[in-house]
Structure formats: structure tokens, C-alpha cells
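Quick look at target-v6.txt (compact mmCIF, C-alpha atoms):
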# COMPACT_ATOMS: atom_id res chain seq x y z
CA MET A 162 100.89 91.70 103.91
CA SER A 163 102.10 90.37 100.61
CA HIS A 164 101.82 92.43 97.44
CA HIS A 165 98.86 91.62 95.18
CA GLY A 166 96.84 93.25 92.47
CA THR A 167 97.29 96.28 90.24
CA SER A 168 96.73 99.99 90.61
CA SER A 169 93.16 99.49 89.42
CA ASP A 170 92.59 97.26 92.47
CA TRP A 171 93.87 99.85 94.92
CA ILE A 172 93.47 103.31 93.46
CA LYS A 173 89.89 104.06 92.49
CA SER A 174 88.00 107.21 91.62
CA SER A 175 84.25 107.37 91.36
CA THR A 176 81.57 109.97 90.94
CA ALA A 177 79.58 108.16 93.63
CA LEU A 178 82.13 108.67 96.39
CA CYS A 179 81.12 112.07 97.77
CA ARG A 180 79.31 110.45 100.67
CA PHE A 181 82.29 108.10 101.13
CA PHE A 182 84.69 110.96 101.97
CA CYS A 183 83.55 114.50 102.59
CA SER A 184 86.16 115.94 104.95
CA LEU A 185 89.60 115.20 106.29
CA VAL A 186 88.64 115.79 109.88
CA ALA A 187 85.92 117.32 111.98
CA THR A 188 84.68 120.87 111.63
CA ALA A 189 86.79 121.52 114.71
CA GLY A 190 89.70 120.02 112.82
CA ILE A 191 90.79 120.34 109.22
CA THR A 192 87.89 120.67 106.83
CA VAL A 193 87.90 120.56 103.09
CA GLY A 194 87.03 123.94 101.60
CA ILE A 195 86.31 123.32 97.95
CA GLY A 196 83.54 124.38 95.65
CA MET A 197 81.11 122.79 93.24
CA ALA A 198 82.87 120.45 90.82
CA GLY A 199 82.53 121.68 87.25
CA GLU A 200 81.47 125.16 88.39
CA GLU A 201 84.64 126.52 89.95
CA ASP A 202 87.37 128.14 87.87
CA TYR A 203 89.88 125.49 88.89
CA GLU A 204 87.83 122.83 87.10
CA LEU A 205 88.34 124.70 83.82
CA GLU A 206 91.41 125.40 81.69
CA PRO A 207 94.22 125.65 82.54
CA ILE A 208 93.99 123.87 85.96
CA LEU A 209 91.50 121.05 85.22
CA TYR A 210 91.73 120.00 88.87
CA SER A 211 89.54 116.89 88.83
CA ASP A 212 90.68 115.70 85.42
CA SER A 213 94.42 115.98 86.11
CA THR A 214 96.60 113.16 87.42
CA PRO A 215 98.43 114.00 90.68
CA THR A 216 102.15 113.42 91.14
CA ASP A 217 102.11 113.91 94.92
CA ARG A 218 103.53 111.69 97.69
CA VAL A 219 100.46 109.44 97.68
CA ALA A 220 100.87 108.83 93.95
CA GLN A 221 104.48 107.82 94.64
CA MET A 222 103.36 105.57 97.49
CA VAL A 223 100.97 103.80 95.12
CA ALA A 224 103.75 103.32 92.58
CA ASP A 225 106.01 101.84 95.26
CA TYR A 226 103.24 99.51 96.44
CA GLU A 227 102.45 98.34 92.91
CA SER A 228 106.13 97.68 92.17
CA GLY A 229 106.47 95.62 95.34
CA ALA A 230 108.92 98.10 96.89
CA LEU A 231 106.41 98.86 99.68
CA SER A 232 104.62 96.42 101.95
CA PHE A 233 102.34 97.44 104.80
CA GLY A 234 102.69 94.22 106.80
CA ASN A 235 100.02 92.56 108.96
CA GLY A 236 100.22 94.37 112.26
CA GLY A 237 96.74 95.88 112.52
CA ASP A 238 95.48 99.44 112.13
CA LYS A 239 98.14 101.17 114.24
CA ALA A 240 100.98 99.37 112.49
CA PHE A 241 99.41 100.12 109.09
CA LEU A 242 99.04 103.79 110.00
CA GLU A 243 102.64 103.94 111.19
CA LYS A 244 103.83 102.44 107.90
CA VAL A 245 101.82 104.99 105.90
CA LEU A 246 103.30 107.83 107.93
CA GLU A 247 106.79 106.45 107.51
CA HIS A 248 106.45 106.14 103.74
CA LEU A 249 104.92 109.62 103.41
CA LYS A 250 107.67 111.01 105.69
CA VAL A 251 105.13 112.35 108.19
CA PRO A 252 106.48 112.42 111.78
CA ILE A 253 104.54 110.69 114.56
CA ALA A 254 105.57 113.54 116.89
CA SER A 255 103.31 115.88 114.89
CA GLN A 256 100.25 114.10 116.33
CA VAL A 257 97.35 116.29 117.41
CA LEU A 258 93.97 114.95 118.55
CA VAL A 259 90.53 116.39 117.80
CA PHE A 260 87.36 115.05 119.44
CA SER A 261 84.71 117.20 117.76
CA ARG A 262 82.29 114.77 116.15
CA THR A 263 81.34 116.36 112.84
CA SER A 264 83.16 114.50 110.07
CA LEU A 265 81.83 111.63 107.97
CA GLN A 266 83.23 109.01 110.36
CA ASN A 267 81.55 110.75 113.27
CA ASP A 268 80.13 107.52 114.63
CA ARG A 269 83.72 106.64 115.60
CA ILE A 270 84.70 110.02 117.04
CA HIS A 271 84.08 110.81 120.70
CA PRO A 272 85.99 112.56 123.51
CA GLU A 273 87.20 109.07 124.47
CA THR A 274 88.21 108.19 120.88
CA PRO A 275 89.46 111.38 119.23
CA ARG A 276 90.69 111.61 115.65
CA ALA A 277 94.46 111.74 115.24
CA ILE A 278 96.04 114.10 112.74
CA TYR A 279 99.66 114.00 111.59
CA PHE A 280 101.38 116.34 109.15
CA SER A 281 104.56 117.17 107.29
CA ASP A 282 105.36 120.05 104.96
CA ASP A 283 103.24 118.56 102.17
CA CYS A 284 100.98 115.88 103.69
CA TYR A 285 98.15 115.77 106.24
CA VAL A 286 97.00 112.39 107.54
CA GLY A 287 93.87 111.74 109.61
CA TRP A 288 92.87 108.52 111.38
CA VAL A 289 90.14 107.47 113.79
CA GLN A 290 90.05 104.18 115.68
CA GLY A 291 88.47 101.42 113.60
CA GLY A 292 88.08 103.74 110.63
CA ASP A 293 89.87 104.61 107.44
CA ILE A 294 92.95 106.72 106.89
CA GLU A 295 92.34 110.07 105.20
CA ILE A 296 95.14 111.89 103.43
CA VAL A 297 95.52 115.34 101.96
CA ALA A 298 98.65 115.38 99.82
CA VAL A 299 99.74 118.74 98.43
CA ASP A 300 100.54 118.32 94.76
CA ARG A 301 102.95 120.76 93.10
CA LYS A 302 100.47 121.59 90.35
CA LEU A 303 97.06 120.78 91.83
CA GLY A 304 97.47 121.90 95.42
CA PRO A 305 95.72 119.72 98.01
CA VAL A 306 94.47 116.38 96.68
CA PHE A 307 92.08 114.40 98.88
CA TYR A 308 92.30 110.64 99.42
CA ARG A 309 90.67 108.04 101.62
CA MET A 310 92.28 104.67 102.36
CA GLY A 311 90.25 101.70 103.54
CA LEU A 312 92.45 99.40 105.61
CA PRO A 313 92.72 95.63 105.04
CA ARG A 314 89.96 94.01 107.08
CA ALA A 315 87.40 91.24 106.70
CA GLY A 316 86.08 91.25 103.17
CA HIS A 317 89.17 92.57 101.44
CA LEU A 318 92.85 91.86 101.92
CA GLU A 319 94.28 94.85 100.10
CA PRO A 320 94.15 98.53 101.12
CA GLN A 321 91.56 100.46 99.11
CA LEU A 322 92.63 103.99 98.20
CA TYR A 323 90.29 106.51 96.59
CA ARG A 324 90.84 109.99 95.22
CA ASP A 325 87.46 111.45 96.05
CA ARG A 326 86.62 114.11 93.50
CA ASP A 327 82.88 114.45 94.00
CA CYS A 328 83.11 115.37 97.68
CA MET A 329 83.82 118.87 96.38
CA ASN A 330 80.05 119.17 95.93
CA CYS A 331 79.64 119.28 99.71
CA HIS A 332 81.94 122.21 100.40
CA GLY A 333 82.01 125.87 99.37
CA GLY A 334 85.26 127.53 98.37
CA SER A 335 84.72 130.98 99.89
CA ASN A 336 86.71 130.21 103.05
CA THR A 337 89.77 129.27 101.00
CA GLY A 338 89.59 131.86 98.24
CA GLY A 339 87.65 129.71 95.79
CA VAL A 340 90.34 127.04 95.50
CA PRO A 341 90.80 123.57 97.05
CA GLY A 342 91.91 124.18 100.60
CA MET A 343 91.69 123.46 104.30
CA THR A 344 90.80 125.30 107.48
CA VAL A 345 91.30 124.77 111.20
CA ARG A 346 88.35 125.58 113.44
CA SER A 347 87.62 125.82 117.14
CA VAL A 348 84.14 124.93 118.45
CA TYR A 349 82.28 124.39 121.69
CA THR A 350 81.93 120.61 121.99
CA ASP A 351 79.51 118.64 124.19
CA SER A 352 80.11 115.41 126.14
CA ARG A 353 79.28 113.25 123.11
CA GLY A 354 81.63 115.17 120.85
CA PHE A 355 79.00 117.13 118.96
CA PRO A 356 79.70 120.82 118.33
CA ILE A 357 77.26 123.33 119.81
CA LEU A 358 77.13 125.37 116.64
CA GLY A 359 74.65 127.91 117.98
CA ALA A 360 77.34 129.16 120.35
CA GLY A 361 79.59 130.08 117.43
CA THR A 362 82.80 128.78 115.92
CA PHE A 363 86.24 130.28 115.39
CA ARG A 364 88.43 129.94 112.34
CA THR A 365 91.98 129.48 113.61
CA ASP A 366 95.24 130.75 112.13
CA HIS A 367 98.27 132.63 113.45
CA THR A 368 96.17 135.79 113.90
CA SER A 369 93.80 134.09 116.39
CA PRO A 370 94.04 134.83 120.13
CA ILE A 371 94.94 131.80 122.23
CA SER A 372 91.66 132.20 124.14
CA GLU A 373 89.70 131.28 120.97
CA ARG A 374 91.82 128.32 119.86
CA TRP A 375 91.43 124.55 120.11
CA GLY A 376 87.82 124.08 121.15
CA GLY A 377 87.17 120.41 120.40
CA TRP A 378 90.88 119.55 120.55
CA TYR A 379 93.08 117.97 123.18
CA VAL A 380 96.15 120.06 123.97
CA THR A 381 99.35 119.05 125.75
CA GLY A 382 102.19 121.40 126.59
CA SER A 383 102.32 124.65 128.55
CA HIS A 384 101.20 128.19 127.86
CA ALA A 385 100.85 131.46 129.73
CA GLY A 386 98.10 134.06 129.73
CA LEU A 387 94.43 133.47 129.01
CA ARG A 388 93.17 129.87 128.90
CA HIS A 389 92.62 128.23 125.51
CA MET A 390 89.42 126.28 124.70
CA GLY A 391 91.12 122.91 124.48
CA ASN A 392 90.55 120.02 126.92
CA GLN A 393 87.06 121.31 127.74
CA ILE A 394 83.54 119.90 127.42
CA PHE A 395 80.54 122.24 127.26
CA GLN A 396 76.79 121.95 127.57
CA GLU A 397 74.14 124.10 125.96
CA THR A 398 72.17 126.01 128.59
CA GLU A 399 69.84 127.74 126.16
CA PRO A 400 69.98 128.34 122.40
CA GLY A 401 73.22 130.13 121.64
CA SER A 402 74.60 129.87 125.19
CA VAL A 403 76.94 127.32 126.76
CA ALA A 404 78.33 126.48 130.17
CA LEU A 405 81.47 124.57 131.05
CA ALA A 406 80.64 120.94 131.85
CA ALA A 407 84.11 119.44 132.29
CA ASP A 408 87.63 120.79 132.25
CA TYR A 409 90.62 118.45 131.95
CA GLY A 410 92.99 121.31 132.63
CA VAL A 411 95.94 122.94 130.90
CA ASN A 412 99.71 122.52 130.94
CA LEU A 413 99.36 118.74 130.54
CA LYS A 414 102.44 116.64 129.76
CA ASN A 415 100.34 113.87 128.22
CA LEU A 416 96.75 112.65 127.93
CA ASP A 417 97.14 109.41 129.89
CA SER A 418 94.63 110.48 132.54
CA ILE A 419 91.98 111.49 129.97
CA ILE A 420 91.97 108.84 127.23
CA ASP A 421 93.53 105.44 126.54
CA THR A 422 96.67 106.70 124.81
CA SER A 423 97.84 103.13 124.09
CA LYS A 424 95.40 103.21 121.16
CA TYR A 425 97.46 105.99 119.54
CA LEU A 426 101.00 106.35 118.26
CA ALA A 427 101.81 109.04 120.86
CA PRO A 428 100.29 110.14 124.20
CA THR A 429 100.27 113.83 123.26
CA SER A 430 98.43 116.48 121.24
CA ASP A 431 101.19 119.04 121.14
CA ILE A 432 100.50 122.77 121.47
CA VAL A 433 103.43 123.77 119.25
CA ALA A 434 102.44 121.25 116.58
CA LEU A 435 98.93 122.74 116.64
CA MET A 436 100.31 126.24 116.10
CA VAL A 437 102.56 125.11 113.25
CA LEU A 438 99.63 123.26 111.67
CA GLU A 439 97.46 126.39 111.78
CA HIS A 440 100.14 128.54 110.17
CA GLN A 441 101.08 125.97 107.54
CA ILE A 442 97.51 125.43 106.38
CA THR A 443 97.05 129.20 106.08
CA VAL A 444 100.12 129.44 103.84
CA HIS A 445 99.26 126.34 101.80
CA ASN A 446 95.86 127.87 101.02
CA ALA A 447 97.48 131.19 100.06
CA ILE A 448 99.99 129.45 97.77
CA THR A 449 97.25 127.41 96.08
CA ARG A 450 95.19 130.54 95.57
CA ALA A 451 98.17 132.43 94.12
CA HIS A 452 99.03 129.52 91.83
CA PHE A 453 95.52 128.88 90.50
CA HIS A 454 94.62 132.55 90.06
CA THR A 455 97.87 133.39 88.30
CA GLU A 456 97.57 130.42 85.97
CA ARG A 457 94.05 131.48 85.09
CA TRP A 458 95.04 135.13 84.51
CA ILE A 459 97.98 134.10 82.31
CA HIS A 460 95.67 131.81 80.34
CA GLN A 461 93.09 134.58 79.89
CA ASN A 462 95.85 137.04 78.99
CA ALA A 463 97.10 134.67 76.26
CA VAL A 464 93.61 134.30 74.83
CA MET A 465 93.19 138.09 74.70
CA ALA A 466 96.67 138.61 73.25
CA LYS A 467 95.92 136.17 70.44
CA HIS A 468 92.60 137.86 69.78
CA PHE A 469 94.15 141.32 69.51
CA GLY A 470 97.36 140.19 67.82
CA ASN A 471 99.63 141.16 70.71
CA PRO A 472 103.08 139.53 71.17
CA GLU A 473 102.90 136.07 72.76
CA GLY A 474 103.97 135.98 76.43
CA THR A 475 103.42 139.68 77.08
CA LEU A 476 101.31 140.38 80.15
CA SER A 477 98.87 143.26 80.02
CA ASP A 478 99.01 146.01 82.64
CA SER A 479 95.75 144.76 84.17
CA THR A 480 97.13 141.22 84.44
CA ARG A 481 100.31 142.50 86.09
CA ARG A 482 98.22 144.41 88.64
CA LEU A 483 96.23 141.29 89.47
CA VAL A 484 99.40 139.25 89.92
CA LYS A 485 101.00 141.94 92.10
CA ASN A 486 97.93 142.11 94.35
CA GLU A 487 97.99 138.33 94.72
CA ALA A 488 101.72 138.45 95.50
CA ALA A 489 101.03 140.93 98.29
CA ARG A 490 98.30 138.67 99.66
CA LEU A 491 100.66 135.68 99.78
CA LEU A 492 103.40 137.82 101.31
CA GLN A 493 101.04 138.76 104.14
CA ALA A 494 100.68 135.10 105.07
CA LEU A 495 104.40 134.36 104.71
CA LEU A 496 105.41 137.36 106.85
CA PHE A 497 102.97 136.58 109.69
CA VAL A 498 101.20 139.92 109.29
CA GLU A 499 98.83 140.43 112.25
CA GLU A 500 100.20 137.39 114.08
CA MET A 501 98.68 137.35 117.56
CA PRO A 502 101.45 137.92 120.14
CA LEU A 503 101.88 135.17 122.73
CA GLU A 504 101.50 136.30 126.31
CA ASP A 505 104.18 136.48 129.01
CA TRP A 506 106.59 133.57 128.49
CA GLY A 507 104.69 132.06 125.55
CA VAL A 508 104.36 128.30 125.06
CA GLU A 509 106.35 125.12 125.69
CA GLY A 510 105.73 121.91 123.81
CA ASN A 511 107.06 118.52 122.82
CA ARG A 512 110.82 118.69 122.24
CA GLU A 513 110.68 115.68 119.90
CA PHE A 514 108.35 117.49 117.51
CA GLN A 515 110.52 120.61 117.53
CA GLU A 516 113.72 118.63 116.95
CA GLN A 517 112.19 116.71 114.03
CA PHE A 518 110.79 119.92 112.58
CA LEU A 519 114.22 121.54 112.66
CA ARG A 520 115.97 118.63 110.93
CA SER A 521 114.84 119.77 107.50
CA ALA A 522 115.88 123.39 108.04
CA LYS A 523 117.99 125.19 105.47
CA THR A 524 120.62 126.81 107.67
CA THR A 525 123.18 129.51 107.07
CA SER A 526 126.87 129.19 107.88
CA SER A 527 126.07 130.73 111.27
CA GLY A 528 123.23 128.26 111.95
CA GLN A 529 120.30 130.62 111.27
CA SER A 530 117.14 129.31 109.62
CA LEU A 531 113.49 130.10 109.02
CA ARG A 532 112.49 127.05 111.09
CA GLU A 533 113.93 128.30 114.37
CA PHE A 534 111.29 128.56 117.07
CA HIS A 535 110.86 131.56 119.32
CA LEU A 536 107.87 130.42 121.47
CA MET A 537 108.04 133.48 123.70
CA SER A 538 106.23 136.42 122.14
CA ARG A 539 105.71 134.64 118.79
CA LEU A 540 105.93 131.22 117.14
CA PHE A 541 109.13 131.61 115.09
CA LYS A 542 112.32 133.61 115.59
CA ASN A 543 112.30 134.89 112.01
CA ARG A 544 108.97 136.00 110.62
CA LEU A 545 109.28 134.76 107.08
CA SER A 546 107.66 131.36 106.74
CA TYR A 547 109.73 128.24 106.07
CA MET A 548 107.00 127.43 103.52
CA ILE A 549 108.84 129.65 101.03
CA TYR A 550 111.04 126.57 100.47
CA SER A 551 108.08 124.22 99.96
CA PRO A 552 107.49 122.34 96.67
CA ALA A 553 104.15 124.15 96.37
CA PHE A 554 105.87 127.53 96.45
CA ASP A 555 108.63 126.35 94.12
CA HIS A 556 106.02 125.40 91.50
CA LEU A 557 104.39 128.86 91.43
CA PRO A 558 104.38 130.26 87.87
CA ASP A 559 107.50 132.18 86.83
CA PRO A 560 105.53 135.38 86.04
CA PHE A 561 104.26 135.31 89.62
CA LYS A 562 107.75 134.87 91.08
CA ALA A 563 109.03 137.67 88.85
CA VAL A 564 106.65 139.97 90.73
CA PHE A 565 106.81 138.31 94.14
CA PHE A 566 110.58 138.28 94.78
CA PRO A 567 111.14 142.02 94.10
CA LEU A 568 108.17 142.76 96.38
CA LEU A 569 109.60 140.51 99.09
CA TRP A 570 113.05 142.09 98.89
CA GLU A 571 111.62 145.62 98.83
CA THR A 572 109.60 144.78 101.94
CA LEU A 573 112.65 143.40 103.76
CA GLN A 574 114.44 146.63 102.89
CA GLY A 575 111.72 148.51 104.77
CA ARG A 576 110.22 150.02 101.65
CA GLY A 577 106.80 149.86 100.10
CA SER A 578 103.64 149.01 102.05
CA LYS A 579 104.26 149.48 105.78
CA GLU A 580 101.59 146.95 106.72
CA LEU A 581 103.85 144.22 105.35
CA PHE A 582 106.93 145.05 107.45
CA GLN A 583 106.10 147.40 110.34
CA HIS A 584 105.68 144.43 112.74
CA ILE A 585 109.21 143.20 111.99
CA PRO A 586 112.12 145.23 113.46
CA GLU A 587 115.05 146.06 111.19
CA SER A 588 117.41 143.69 113.01
CA GLU A 589 115.06 140.77 112.25
CA ARG A 590 114.67 141.85 108.63
CA LEU A 591 118.47 141.88 108.31
CA ARG A 592 118.59 138.33 109.69
CA ILE A 593 115.96 137.17 107.22
CA LYS A 594 117.81 138.79 104.32
CA ALA A 595 121.02 137.05 105.35
CA ILE A 596 119.22 133.70 105.46
CA LEU A 597 117.73 134.28 102.00
CA ARG A 598 121.05 135.36 100.49
CA GLU A 599 122.68 132.10 101.57
CA SER A 600 119.78 130.00 100.28
CA ALA A 601 119.09 131.88 97.06
CA ASP A 602 119.95 128.75 95.04
CA ALA A 603 116.85 127.10 96.55
CA LEU A 604 114.66 130.01 95.41
CA PRO A 605 115.10 130.43 91.63
CA GLY A 606 114.45 134.04 90.69
CA LEU A 607 115.35 135.56 94.05
CA ASP A 608 118.94 136.28 93.00
CA ASN A 609 117.65 138.49 90.16
CA ALA A 610 115.59 140.54 92.62
CA ILE A 611 118.57 140.88 94.96
CA GLU A 612 120.91 141.95 92.15
CA ALA A 613 118.42 144.50 90.86
CA SER A 614 118.00 145.97 94.34
CA ASP A 615 121.72 146.02 95.14
CA GLY A 616 122.50 147.52 91.74
Show how you would write the structure in this file as C-alpha cells.
Amino acid sequence: MSHHGTSSDWIKSSTALCRFFCSLVATAGITVGIGMAGEEDYELEPILYSDSTPTDRVAQMVADYESGALSFGNGGDKAFLEKVLEHLKVPIASQVLVFSRTSLQNDRIHPETPRAIYFSDDCYVGWVQGGDIEIVAVDRKLGPVFYRMGLPRAGHLEPQLYRDRDCMNCHGGSNTGGVPGMTVRSVYTDSRGFPILGAGTFRTDHTSPISERWGGWYVTGSHAGLRHMGNQIFQETEPGSVALAADYGVNLKNLDSIIDTSKYLAPTSDIVALMVLEHQITVHNAITRAHFHTERWIHQNAVMAKHFGNPEGTLSDSTRRLVKNEAARLLQALLFVEEMPLEDWGVEGNREFQEQFLRSAKTTSSGQSLREFHLMSRLFKNRLSYMIYSPAFDHLPDPFKAVFFPLLWETLQGRGSKELFQHIPESERLRIKAILRESADALPGLDNAIEASDG
């Protein structure tokens, strides 16, 4: 496709677009968890979420398109999707498929035509056959920003990309701490793809037992222990009760026998990718919460300091306590506190996804990293999340980091709150400390905490 038009042709924002894009994926997939626009704290100073201009990967993609540096070609929806993923640096091997039929494009979602989701460290991309591409790009300042891209079809020749701000009206923020965020859910799904909500739903993260995960999802790869809810169709027997209607099995290498995988970029919905997705979304939400809350507390502290004539930049004791409590909350997510142990020999998944995931690892001289998989009793070998190196974490306010890094180092020393470190043996904590020491240049402020502790 040749380049035409200006950013005003492609990027649009409108107060009438809530019904145009209300969620990234189905309730069984990733759902937007954001509150009433204009009523939540993040719509006020100093965040101004809806009124601020993002600088995320999608914004860069738009700039490249407008300059002519990016062309999407004319190869149809799959080729267009592949080009978007390539430009956003989102690996195809991360593909997971959800067939729960509860998002806005639910007329296109069915167990035979599931929604595909792809993700990287800072982007989540959703696509359903014949529909639009939906993107959540994590901005360094704003956290997750929600976009919908209409593909070139009859009636328009250019892609149409919208930042949908008003869809916040459709979603409460309580599930994500009152900030823009996402969740992963597991539901009982019937033969048409509709969730049987009366039977209950499960919010999924790294604390969830395998037996409650992936209802409404397809799952490839192997696992031991109790069966997960993936690859199953249910029927409602009476209000609030369900029975199994169809079971496509577990330990599948691909989905060729279940759906037409030629319609997708990969024939899999990888179990390890699903587990990484669940953990990453949990941490992204925790980082966004820490960022927004700290910015608001610092802003309020400055207002009070000016009112009472206190020195500029000095945090009150109450503000420091709030920041420290938020730091502990984020540390819980990063340290996999209450992670559900995997049973027996754990899980096995797509090697291509794991290899691509490891390529961006920050490794020590001995080859250790926070991205190494364990996949036996737990997801990762070292239970400090790789998300500590993410742009979202890097952009946390300096006053927050000044509290967070000493708390992290104290915890890795086996001091302070036991609930933060008692699940991690000393040998593993030593490994994590060694990794952090060699990558301290990537974590501004950590070296000060280390020096203070060692001194």
C-alpha cells in the first residue's frame, strides 16, 4: 500500500468512540480495567491521562507511517497484522488464542474463529478474523494506552487508527487499583463462545492454580497435575451449574485438529506464553498503580508544602509512608509472592517462544538472567521479575525508586518483612543479587542502595 494522507487522516480521537472500542479482548481474555473518565484521579493533575499525548510504540509507528518510512503493503489482513507486529517488535511466537465471545467484536468470535493475542514487554495486540486490530501500548508516563486500528478494506484505502478515550466509561478501575489496566480471566464457555457467567469466573495471575486457568482459551503444550480449563466447551445444566459438553484434550502440540490454523500466523496457543502474559499484566498493573499514586502523592505534598511554607521537594512523613507501602505492593508482584507451585514436572511449551523471549535478556558474565525459565516447580528460575528492566519501571518517579531499591535490597538480604522473601531460598536470593549487581547500570538508583547496605 502506498503512503497517503496525514496523521489527521489516520490517527483520530473522538468522544463518540466508546462503543467503537470497549475492550482489548474478551472477558476471558484481556479486558480493559479503567474508570469513569473525568472522575478518576488519573484524569486530574498531575497525570491528565486522557489529555496527554502518548509517546509509546504506536505513536512511533504513526510517525514512521506518516514519514513514509513504514508501508503495510497489500497482502490482506494476515499480512497487515504481521507487518504491525514486526514494526511493534511483537513476536508471532507469543500467539495465544481466546474463544470466549464477550468483547465488542463478539459477532466475529467463536470457538472456530478465536481471537489471537500477541505481546511483547510493552505491547499487547489483539486480532479477530475479518475484524480490526486492537493494541494496548504501554507508555512510559501514561501506562497502558488503548488503540483500535481499522484495516484497509472497501470504503477506505488507509488504515484508521483511533485512541479511544471514552471507552473508559464502560469499565471500573477497582480490579486494577483505580488506574488504567488489564486483567486475564478464565470463564466457562458454551459451544457458541458465550461465557456462562452464572457459573463464576476466575481472575488469573501467577497465584492462580492451574485447575482454574484458561477457561475460554485454547492451550497447546504439556503440563502435569490437575487439568486446566482450556480446550473445553461447557453447557449450562441449571442456573449456576455447568456440565462438560466437549473436551479437545490437553498436551496438544498444535490446534490443527480443532480449528483452521491457516487463518492465523501460528498453529499454537502456547501454555508458557499464557503464563508469561498473566504475570506480565499483573506487574504492568502494579507499576502503573505505583507510578500514578506516587505522582499524585508528590503533587499533593507539594501543594501542602507551599501552603504551609515548607521547603520545596521535601516529602512529609505521611507521604513517605504511602510511597513505602506502594513500594512493598509492587515488590510483592515482582518477587512472585504467593506464586502457585507447578505440579510434578511442571509445563513444557513452544521452544520458539522461549528462545525469542530469552533474546532480550540482560545476562551476567556467567550467563545468568531474570528471563531464565524454570518450568518445573515454578515459571522462572529466579523469582525477581524481568519487568524490573522495563521502560515502565524505569520511568517510575525518583522518590519512589529512592524507597523501592533499599526495600528490594533489604528483602534480598533476608531482612524486613518475611512475607516478601520467605518463599525464596537464600541461594536463589544470592543469585538474584549477583544478577542485579552486574546490571546496576540499567537500574539507576540501585547502586546507591547497594552501597548503603554494604557500607
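Of the listed residues (A:Pro341, A:Pro272, A:Gly354, A:Pro502), A:Pro502 comes nearest to A:Arg539; the distances count only C-alpha atoms.
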Self-check item: Residue list as a ChimeraX atom specification for point (106.9, 135.9, 106.3), cut-off 10 Å, all atoms listed in the file
Solution: /A:444,491-498,531,543-549,569,573,581-582,585,593
Edge lengths and centre in Å to one decimal, as AutoDock Vina command-line options, is what I'm after for the box along x, y and z that holds all listed atoms of stretch 265-271 of chain A once 5 Å is added on each side.
--center_x 82.4 --center_y 109.1 --center_z 114.3 --size_x 14.6 --size_y 15.0 --size_z 22.7
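Atom CA of A:Trp570 to atom CA of A:Ser527 spans 21.3 Å [interatomic distance, one decimal].
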Can you pull out the residues contacting A:Asn486? Cut-off 12 Å, using only C-alpha atoms, and skip same-chain residues under 2 positions away; I want them as a short mmCIF file (atom, residue, chain, number, x, y, z; two decimals) with C-alpha atoms, keeping the file's coordinate frame.
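The result, stored in selection_4.cif:
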data_model
loop_
_atom_site.label_atom_id
_atom_site.label_comp_id
_atom_site.auth_asym_id
_atom_site.auth_seq_id
_atom_site.Cartn_x
_atom_site.Cartn_y
_atom_site.Cartn_z
CA ARG A 450 95.19 130.54 95.57
CA ALA A 451 98.17 132.43 94.12
CA HIS A 454 94.62 132.55 90.06
CA THR A 455 97.87 133.39 88.30
CA SER A 479 95.75 144.76 84.17
CA THR A 480 97.13 141.22 84.44
CA ARG A 481 100.31 142.50 86.09
CA ARG A 482 98.22 144.41 88.64
CA LEU A 483 96.23 141.29 89.47
CA VAL A 484 99.40 139.25 89.92
CA ALA A 488 101.72 138.45 95.50
CA ALA A 489 101.03 140.93 98.29
CA ARG A 490 98.30 138.67 99.66
CA LEU A 491 100.66 135.68 99.78
CA LEU A 492 103.40 137.82 101.31
CA GLN A 493 101.04 138.76 104.14
CA PHE A 561 104.26 135.31 89.62
CA VAL A 564 106.65 139.97 90.73
CA PHE A 565 106.81 138.31 94.14
CA LEU A 568 108.17 142.76 96.38
CA SER A 578 103.64 149.01 102.05
#
Practice problem: Can you work out which one of A:Arg276, A:Thr443, A:His452, A:Glu589 has the shortest atom-to-atom distance to A:Arg364, counting only C-alpha atoms? | Solution: A:Thr443
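Take atom CA of A:Glu439 and atom CA of A:Thr344: the distance between them is 8.0 Å.
With all atoms listed in the file as the atoms that count, the residue of A:Gly382, A:Pro400, A:Gly287, A:Gly606 with the shortest distance to A:Asn511 is A:Gly382.
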Self-check item: Exercise: stretch 409-414 of chain A partners within 10 Å, only C-alpha atoms, chain neighbours under 2 positions left out, as an NGL selection string
Solution: :A and (379-385 or 388-394 or 407 or 416-419 or 428-432 or 508-511)
